[in-house]
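Student: Data: run.tsv, TSV, C-alpha atoms.
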```tsv
chain	number	residue	atom	x	y	z
A	1	GLN	CA	112.40	26.82	33.43
A	2	LEU	CA	115.95	27.16	34.73
A	3	LEU	CA	115.98	30.86	33.83
A	4	LEU	CA	112.53	31.24	35.33
A	5	ALA	CA	113.66	29.60	38.57
A	6	ALA	CA	116.62	31.98	38.82
A	7	TYR	CA	114.48	35.03	38.04
A	8	PRO	CA	113.17	35.54	41.64
A	9	LEU	CA	116.74	35.47	42.92
A	10	ILE	CA	117.23	38.92	41.37
A	11	PHE	CA	114.44	40.28	43.55
A	12	PHE	CA	115.80	38.68	46.72
A	13	TYR	CA	119.32	39.85	45.87
A	14	LEU	CA	118.16	43.46	45.55
A	15	VAL	CA	116.22	43.24	48.82
A	16	ALA	CA	119.30	41.76	50.50
A	17	CYS	CA	121.46	44.62	49.22
A	18	VAL	CA	119.01	47.15	50.65
A	19	LEU	CA	118.90	45.39	54.03
A	20	VAL	CA	122.69	45.08	54.23
A	21	ALA	CA	123.13	48.77	53.45
A	22	LEU	CA	120.44	49.64	56.01
A	23	SER	CA	121.99	47.39	58.69
A	24	GLN	CA	125.21	49.40	58.47
A	25	ARG	CA	123.37	52.57	59.45
A	26	VAL	CA	120.66	51.49	61.88
A	27	GLN	CA	120.27	48.67	64.40
A	28	GLN	CA	116.52	48.41	64.33
A	29	ILE	CA	113.56	48.94	62.03
A	30	ALA	CA	111.26	50.27	64.73
A	31	ARG	CA	110.88	50.09	68.49
A	32	GLY	CA	108.14	48.69	70.69
A	33	TRP	CA	104.60	49.06	69.47
A	34	ARG	CA	105.76	50.64	66.18
A	35	LEU	CA	107.38	47.35	65.16
A	36	PHE	CA	104.17	45.52	66.04
A	37	MET	CA	102.12	48.01	64.00
A	38	LEU	CA	104.46	47.47	61.05
A	39	ALA	CA	103.82	43.73	61.33
A	40	LEU	CA	100.07	44.40	61.32
A	41	GLY	CA	100.55	46.56	58.23
A	42	LEU	CA	102.21	43.65	56.41
A	43	ILE	CA	99.32	41.37	57.37
A	44	VAL	CA	96.75	43.87	56.12
A	45	PHE	CA	98.74	44.39	52.91
A	46	ASP	CA	98.75	40.65	52.21
A	47	GLN	CA	95.03	40.29	52.88
A	48	VAL	CA	94.13	43.34	50.77
A	49	LEU	CA	96.11	41.95	47.83
A	50	LYS	CA	94.31	38.61	48.15
A	51	THR	CA	90.93	40.32	48.33
A	52	ILE	CA	91.68	42.29	45.15
A	53	VAL	CA	92.87	39.17	43.34
A	54	THR	CA	89.88	37.06	44.35
A	55	SER	CA	87.52	39.89	43.33
A	56	PHE	CA	88.91	40.57	39.86
A	57	VAL	CA	90.74	37.42	38.76
A	58	PRO	CA	88.61	34.30	38.13
A	59	TYR	CA	89.53	31.14	40.01
A	60	GLN	CA	92.34	29.15	38.33
A	61	ALA	CA	92.95	32.01	35.88
A	62	SER	CA	96.04	34.20	35.53
A	63	CYS	CA	96.88	37.58	34.04
A	64	PRO	CA	100.35	38.21	32.57
A	65	ILE	CA	102.31	41.06	34.11
A	66	ILE	CA	105.74	40.44	32.57
A	67	GLY	CA	105.27	38.17	29.56
A	68	GLN	CA	105.99	34.56	30.46
A	69	TRP	CA	107.95	35.54	33.55
A	70	LEU	CA	105.37	36.80	36.04
A	71	HIS	CA	101.59	36.44	36.23
A	72	VAL	CA	98.93	37.40	38.73
A	73	ALA	CA	96.91	34.26	39.36
A	74	HIS	CA	94.02	33.11	41.50
A	75	MET	CA	94.85	29.73	42.99
A	76	ARG	CA	93.67	28.03	46.14
A	77	ASN	CA	95.85	25.84	48.31
A	78	TYR	CA	93.42	23.79	50.37
A	79	GLU	CA	96.28	21.91	52.05
A	80	GLY	CA	97.43	25.19	53.57
A	81	SER	CA	101.08	24.60	52.79
A	82	TRP	CA	103.31	24.54	49.73
A	83	ILE	CA	105.16	21.55	51.17
A	84	THR	CA	102.07	19.39	51.62
A	85	SER	CA	100.69	20.27	48.18
A	86	SER	CA	104.03	19.79	46.40
A	87	PHE	CA	104.67	16.36	47.94
A	88	GLY	CA	101.08	15.23	47.58
A	89	ILE	CA	100.43	14.93	51.33
A	90	ALA	CA	96.71	14.40	51.80
A	91	ARG	CA	94.91	16.80	54.10
A	92	THR	CA	93.91	14.78	57.15
A	93	SER	CA	92.96	15.70	60.69
A	94	ILE	CA	96.49	14.85	61.88
A	95	VAL	CA	98.10	17.04	59.22
A	96	ASP	CA	95.71	19.88	60.04
A	97	TYR	CA	96.44	19.52	63.75
A	98	ILE	CA	100.19	19.62	63.18
A	99	GLN	CA	99.93	22.72	60.96
A	100	TRP	CA	97.58	24.60	63.29
A	101	ALA	CA	99.54	23.68	66.42
A	102	GLY	CA	102.84	24.64	64.82
A	103	VAL	CA	101.63	27.98	63.50
A	104	ILE	CA	99.88	28.96	66.75
A	105	PHE	CA	102.96	27.98	68.79
A	106	ILE	CA	105.31	29.98	66.56
A	107	LEU	CA	102.96	32.98	66.51
A	108	SER	CA	102.55	33.02	70.29
A	109	PHE	CA	106.29	32.66	70.85
A	110	THR	CA	107.41	35.28	68.30
A	111	ILE	CA	106.74	38.46	70.29
A	112	PRO	CA	108.16	37.33	73.67
A	113	GLY	CA	111.06	35.58	71.90
A	114	HIS	CA	111.97	38.77	70.05
A	115	ARG	CA	111.74	40.82	73.25
A	116	TYR	CA	113.94	38.33	75.09
A	117	TYR	CA	116.58	38.33	72.36
A	118	ILE	CA	116.97	42.09	72.09
A	119	ALA	CA	116.99	42.42	75.90
A	120	THR	CA	119.59	39.74	76.59
A	121	HIS	CA	121.69	39.69	73.41
A	122	ARG	CA	121.56	42.74	71.17
A	123	GLN	CA	119.33	45.01	69.15
A	124	SER	CA	119.65	44.04	65.50
A	125	LEU	CA	117.93	44.93	62.24
A	126	TRP	CA	118.14	41.25	61.24
A	127	ALA	CA	116.28	40.22	64.39
A	128	ASP	CA	113.54	42.72	63.53
A	129	VAL	CA	113.27	41.42	59.96
A	130	ALA	CA	113.06	37.84	61.21
A	131	PHE	CA	110.33	38.83	63.68
A	132	LEU	CA	108.31	40.76	61.10
A	133	GLY	CA	108.43	37.96	58.54
A	134	VAL	CA	107.51	35.15	60.91
A	135	PHE	CA	104.75	37.04	62.76
A	136	ALA	CA	103.09	38.45	59.62
A	137	ALA	CA	103.32	35.13	57.75
A	138	CYS	CA	101.81	33.07	60.57
A	139	ALA	CA	99.05	35.59	61.23
A	140	SER	CA	98.19	35.77	57.52
A	141	TRP	CA	98.04	31.98	57.34
A	142	LEU	CA	95.66	31.88	60.30
A	143	LEU	CA	93.38	34.46	58.67
A	144	ASP	CA	93.33	32.54	55.39
A	145	MET	CA	92.59	29.15	56.95
A	146	THR	CA	90.06	30.56	59.44
A	147	PHE	CA	87.94	32.73	57.13
A	148	ARG	CA	88.57	31.12	53.73
A	149	GLY	CA	89.50	27.55	54.54
A	150	TYR	CA	92.42	27.71	52.11
A	151	VAL	CA	95.43	29.85	51.24
A	152	VAL	CA	95.13	32.19	48.25
A	153	ASP	CA	98.23	32.06	46.04
A	154	PHE	CA	98.52	34.82	43.47
A	155	ILE	CA	102.20	35.33	42.55
A	156	ASN	CA	102.61	32.98	39.60
A	157	LEU	CA	105.87	32.03	37.89
A	158	PRO	CA	104.41	30.15	34.89
A	159	GLY	CA	105.29	26.49	34.84
A	160	LEU	CA	107.17	26.72	38.13
A	161	VAL	CA	105.27	27.80	41.22
A	162	THR	CA	102.42	29.94	42.51
A	163	ALA	CA	103.02	31.64	45.85
A	164	ASP	CA	101.75	34.55	47.93
A	165	PHE	CA	103.21	37.50	49.83
A	166	LYS	CA	103.46	35.32	52.94
A	167	ASP	CA	105.95	33.05	51.19
A	168	ILE	CA	108.19	36.03	50.45
A	169	LEU	CA	108.06	37.07	54.11
A	170	VAL	CA	108.96	33.55	55.25
A	171	THR	CA	111.94	33.47	52.88
A	172	LEU	CA	113.22	36.85	54.07
A	173	SER	CA	112.73	36.01	57.75
A	174	ALA	CA	114.57	32.70	57.40
A	175	ALA	CA	117.46	34.46	55.65
A	176	ALA	CA	117.53	37.19	58.32
A	177	PHE	CA	117.58	34.55	61.06
A	178	PHE	CA	120.67	32.88	59.62
A	179	VAL	CA	122.39	36.21	58.97
A	180	GLU	CA	121.84	37.21	62.59
A	181	SER	CA	123.08	33.85	63.88
A	182	LEU	CA	126.25	34.18	61.81
A	183	ASP	CA	126.79	37.87	62.54
A	184	ASN	CA	126.36	37.66	66.31
A	185	PRO	CA	129.62	36.38	67.86
A	186	GLU	CA	127.73	35.17	70.95
A	187	ILE	CA	125.89	32.55	68.90
A	188	SER	CA	127.72	29.34	68.05
A	189	TRP	CA	126.58	26.46	65.84
A	190	ARG	CA	129.34	24.17	67.09
A	191	TRP	CA	127.96	20.91	68.45
A	192	GLN	CA	129.18	20.28	72.01
A	193	GLY	CA	127.61	16.91	72.71
A	194	TRP	CA	124.20	15.83	73.96
A	195	ARG	CA	124.85	16.62	77.61
A	196	LYS	CA	126.08	20.17	77.10
A	197	GLU	CA	123.46	20.92	74.45
A	198	SER	CA	120.66	19.57	76.69
A	199	ALA	CA	121.95	21.58	79.65
A	200	ALA	CA	122.14	24.71	77.47
A	201	LEU	CA	118.56	24.17	76.27
A	202	ILE	CA	117.28	23.73	79.82
A	203	GLN	CA	119.15	26.85	80.92
A	204	LEU	CA	117.66	28.78	78.00
A	205	LEU	CA	114.13	27.74	78.99
A	206	LYS	CA	114.82	28.81	82.59
A	207	ASN	CA	116.14	32.17	81.42
A	208	LEU	CA	113.07	32.66	79.22
A	209	TYR	CA	110.77	31.87	82.13
A	210	ARG	CA	112.57	34.27	84.47
A	211	PHE	CA	112.58	37.00	81.84
A	212	PHE	CA	108.84	36.70	81.21
A	213	ILE	CA	108.06	36.67	84.94
A	214	ASN	CA	110.16	39.80	85.47
A	215	GLN	CA	108.44	41.50	82.55
A	216	GLU	CA	105.03	40.74	84.00
A	217	HIS	CA	105.96	42.24	87.38
A	218	LYS	CA	107.33	45.44	85.91
A	219	PRO	CA	105.11	48.49	86.58
```
Could you spell out this file's structure in structure tokens?

Tutor:
Amino acid sequence: QLLLAAYPLIFFYLVACVLVALSQRVQQIARGWRLFMLALGLIVFDQVLKTIVTSFVPYQASCPIIGQWLHVAHMRNYEGSWITSSFGIARTSIVDYIQWAGVIFILSFTIPGHRYYIATHRQSLWADVAFLGVFAACASWLLDMTFRGYVVDFINLPGLVTADFKDILVTLSAAAFFVESLDNPEISWRWQGWRKESAALIQLLKNLYRFFINQEHKP
């Protein structure tokens, strides 16, 4: 199980190497509506994979791809989250409300937040990766829970975990977010006290509001 747990790290390491090499040559994946279309492509890709799996793999069954290392499975996560299912959190109306509210808030904030960052800070490949992962993952979750009532997990590491393409996107976007925060010299994680941090947060919200208002009034 220890070897099996380390096995996915090879995949993420190779992806990281590709992104690092790419970040040294380009500062963005795509611009404007092309980046949004790429995000839609990731959403469609995830949903097509799930449709194929649910059509050809029986429920709670799995098909080996690489021996005991990787299987294609058909599992259903009715809790809608790996965290809730792993820790045995029962699906209640409060839990559902928190999940739906959180996902909708993140999804609605992703596009304007990305536009604000690249307009006021810098254009960065890592910012694009973080945007793509978060937007596609949240949208895919909404589609699953709206039309299926559960999340289809199909990437099975036997005896360890069963995930989906959305989980990979979330992992990559979280990593890209931290890389960008460490790589950008304008961003500091140093704690400056409650007063300064509160004032900085309020100023950030004001700047966001002004930016969005100016964007709306642009011809």

Student: Between A:Gly67, A:Gly80, A:Gly133, A:Pro112, which residue has the minimum interatomic distance to A:Asp46, considering all atoms listed in the file?

Tutor: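 Selected residue with least distance to A:Asp46: A:Gly133.
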
Student: Could you tell me how far atom CA of A:Trp126 sits from atom CA of A:Ile187, in Å to one decimal place?

Tutor: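 According to the coordinates, atom CA of A:Ile187 and atom CA of A:Trp126 are separated by 13.9 Å.
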
Student: When distances are computed from all atoms listed in the file, which of A:Lys50, A:Arg31, A:Arg148, A:Lys166 shows the smallest separation from A:Ser81?

Tutor: A:Lys166

Student: Name all residues at most 10 Å from stretch 55-57 of chain A (count only C-alpha atoms; drop same-chain ones fewer than 2 positions away) and give them as a VMD selection string.

Tutor: chain A and resid 49 to 53 59 to 63 72 to 75 154

Student: Report the distance between atom CA of A:Ala139 and atom CA of A:Leu172 in Å, rounded to one decimal place.

Tutor: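 Atom CA of A:Leu172 lies 15.9 Å from atom CA of A:Ala139.
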
Student: How many Å lie between atom CA of A:Leu160 and atom CA of A:Leu2, rounded to one decimal?

Tutor: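 Taking atom CA of A:Leu160 and atom CA of A:Leu2, their separation equals 9.4 Å.
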
Student: Could you give me stretch 104-115 of chain A completed to all heavy atoms, formatted as a compact mmCIF listing (two decimals), in the coordinates of the input?

Tutor:
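The result, written out as part.txt:
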```
# COMPACT_ATOMS: atom_id res chain seq x y z
N ILE A 104 100.31 28.25 65.54
CA ILE A 104 99.88 28.96 66.75
C ILE A 104 101.03 29.04 67.75
O ILE A 104 101.24 30.09 68.40
CB ILE A 104 98.67 28.25 67.38
CG1 ILE A 104 97.45 28.41 66.47
CG2 ILE A 104 98.37 28.82 68.77
CD1 ILE A 104 96.22 27.66 66.94
N PHE A 105 101.81 27.97 67.88
CA PHE A 105 102.96 27.98 68.79
C PHE A 105 103.98 29.02 68.35
O PHE A 105 104.47 29.81 69.18
CB PHE A 105 103.61 26.60 68.85
CG PHE A 105 104.89 26.58 69.63
CD1 PHE A 105 104.89 26.57 71.01
CD2 PHE A 105 106.11 26.57 68.96
CE1 PHE A 105 106.08 26.56 71.73
CE2 PHE A 105 107.31 26.58 69.66
CZ PHE A 105 107.28 26.56 71.05
N ILE A 106 104.32 29.03 67.06
CA ILE A 106 105.31 29.98 66.56
C ILE A 106 104.81 31.41 66.72
O ILE A 106 105.56 32.31 67.14
CB ILE A 106 105.63 29.69 65.08
CG1 ILE A 106 106.33 28.33 64.95
CG2 ILE A 106 106.51 30.78 64.48
CD1 ILE A 106 106.55 27.89 63.52
N LEU A 107 103.52 31.64 66.41
CA LEU A 107 102.96 32.98 66.51
C LEU A 107 102.96 33.48 67.94
O LEU A 107 103.30 34.64 68.21
CB LEU A 107 101.54 32.98 65.95
CG LEU A 107 100.85 34.35 65.85
CD1 LEU A 107 101.59 35.26 64.88
CD2 LEU A 107 99.40 34.18 65.40
N SER A 108 102.60 32.61 68.89
CA SER A 108 102.55 33.02 70.29
C SER A 108 103.93 33.22 70.89
O SER A 108 104.10 33.99 71.85
CB SER A 108 101.78 31.98 71.11
OG SER A 108 102.42 30.71 71.03
N PHE A 109 104.94 32.56 70.32
CA PHE A 109 106.29 32.66 70.85
C PHE A 109 107.08 33.80 70.22
O PHE A 109 108.08 34.25 70.77
CB PHE A 109 107.04 31.34 70.62
CG PHE A 109 108.44 31.33 71.18
CD1 PHE A 109 108.67 31.16 72.53
CD2 PHE A 109 109.53 31.50 70.34
CE1 PHE A 109 109.96 31.16 73.04
CE2 PHE A 109 110.83 31.49 70.84
CZ PHE A 109 111.04 31.33 72.20
N THR A 110 106.63 34.31 69.07
CA THR A 110 107.41 35.28 68.30
C THR A 110 107.64 36.58 69.07
O THR A 110 108.79 37.04 69.17
CB THR A 110 106.70 35.60 66.97
OG1 THR A 110 106.53 34.38 66.23
CG2 THR A 110 107.53 36.56 66.15
N ILE A 111 106.60 37.17 69.60
CA ILE A 111 106.74 38.46 70.29
C ILE A 111 107.61 38.34 71.55
O ILE A 111 108.59 39.09 71.70
CB ILE A 111 105.36 39.06 70.61
CG1 ILE A 111 104.63 39.41 69.32
CG2 ILE A 111 105.51 40.30 71.49
CD1 ILE A 111 103.24 39.98 69.53
N PRO A 112 107.29 37.43 72.48
CA PRO A 112 108.16 37.33 73.67
C PRO A 112 109.58 36.87 73.32
O PRO A 112 110.54 37.29 73.97
CB PRO A 112 107.45 36.29 74.55
CG PRO A 112 106.57 35.54 73.62
CD PRO A 112 106.14 36.51 72.59
N GLY A 113 109.73 36.02 72.29
CA GLY A 113 111.06 35.58 71.90
C GLY A 113 111.89 36.73 71.36
O GLY A 113 113.09 36.84 71.67
N HIS A 114 111.26 37.59 70.58
CA HIS A 114 111.97 38.77 70.05
C HIS A 114 112.35 39.72 71.17
O HIS A 114 113.47 40.24 71.20
CB HIS A 114 111.08 39.47 69.02
CG HIS A 114 111.68 40.72 68.46
ND1 HIS A 114 111.34 41.97 68.95
CD2 HIS A 114 112.59 40.92 67.48
CE1 HIS A 114 112.02 42.89 68.28
NE2 HIS A 114 112.78 42.28 67.39
N ARG A 115 111.45 39.94 72.11
CA ARG A 115 111.74 40.82 73.25
C ARG A 115 112.88 40.27 74.10
O ARG A 115 113.74 41.02 74.56
CB ARG A 115 110.48 41.00 74.10
CG ARG A 115 109.38 41.80 73.43
CD ARG A 115 108.13 41.82 74.27
NE ARG A 115 108.37 42.39 75.59
CZ ARG A 115 107.47 42.38 76.57
NH1 ARG A 115 106.28 41.83 76.36
NH2 ARG A 115 107.75 42.91 77.74
```
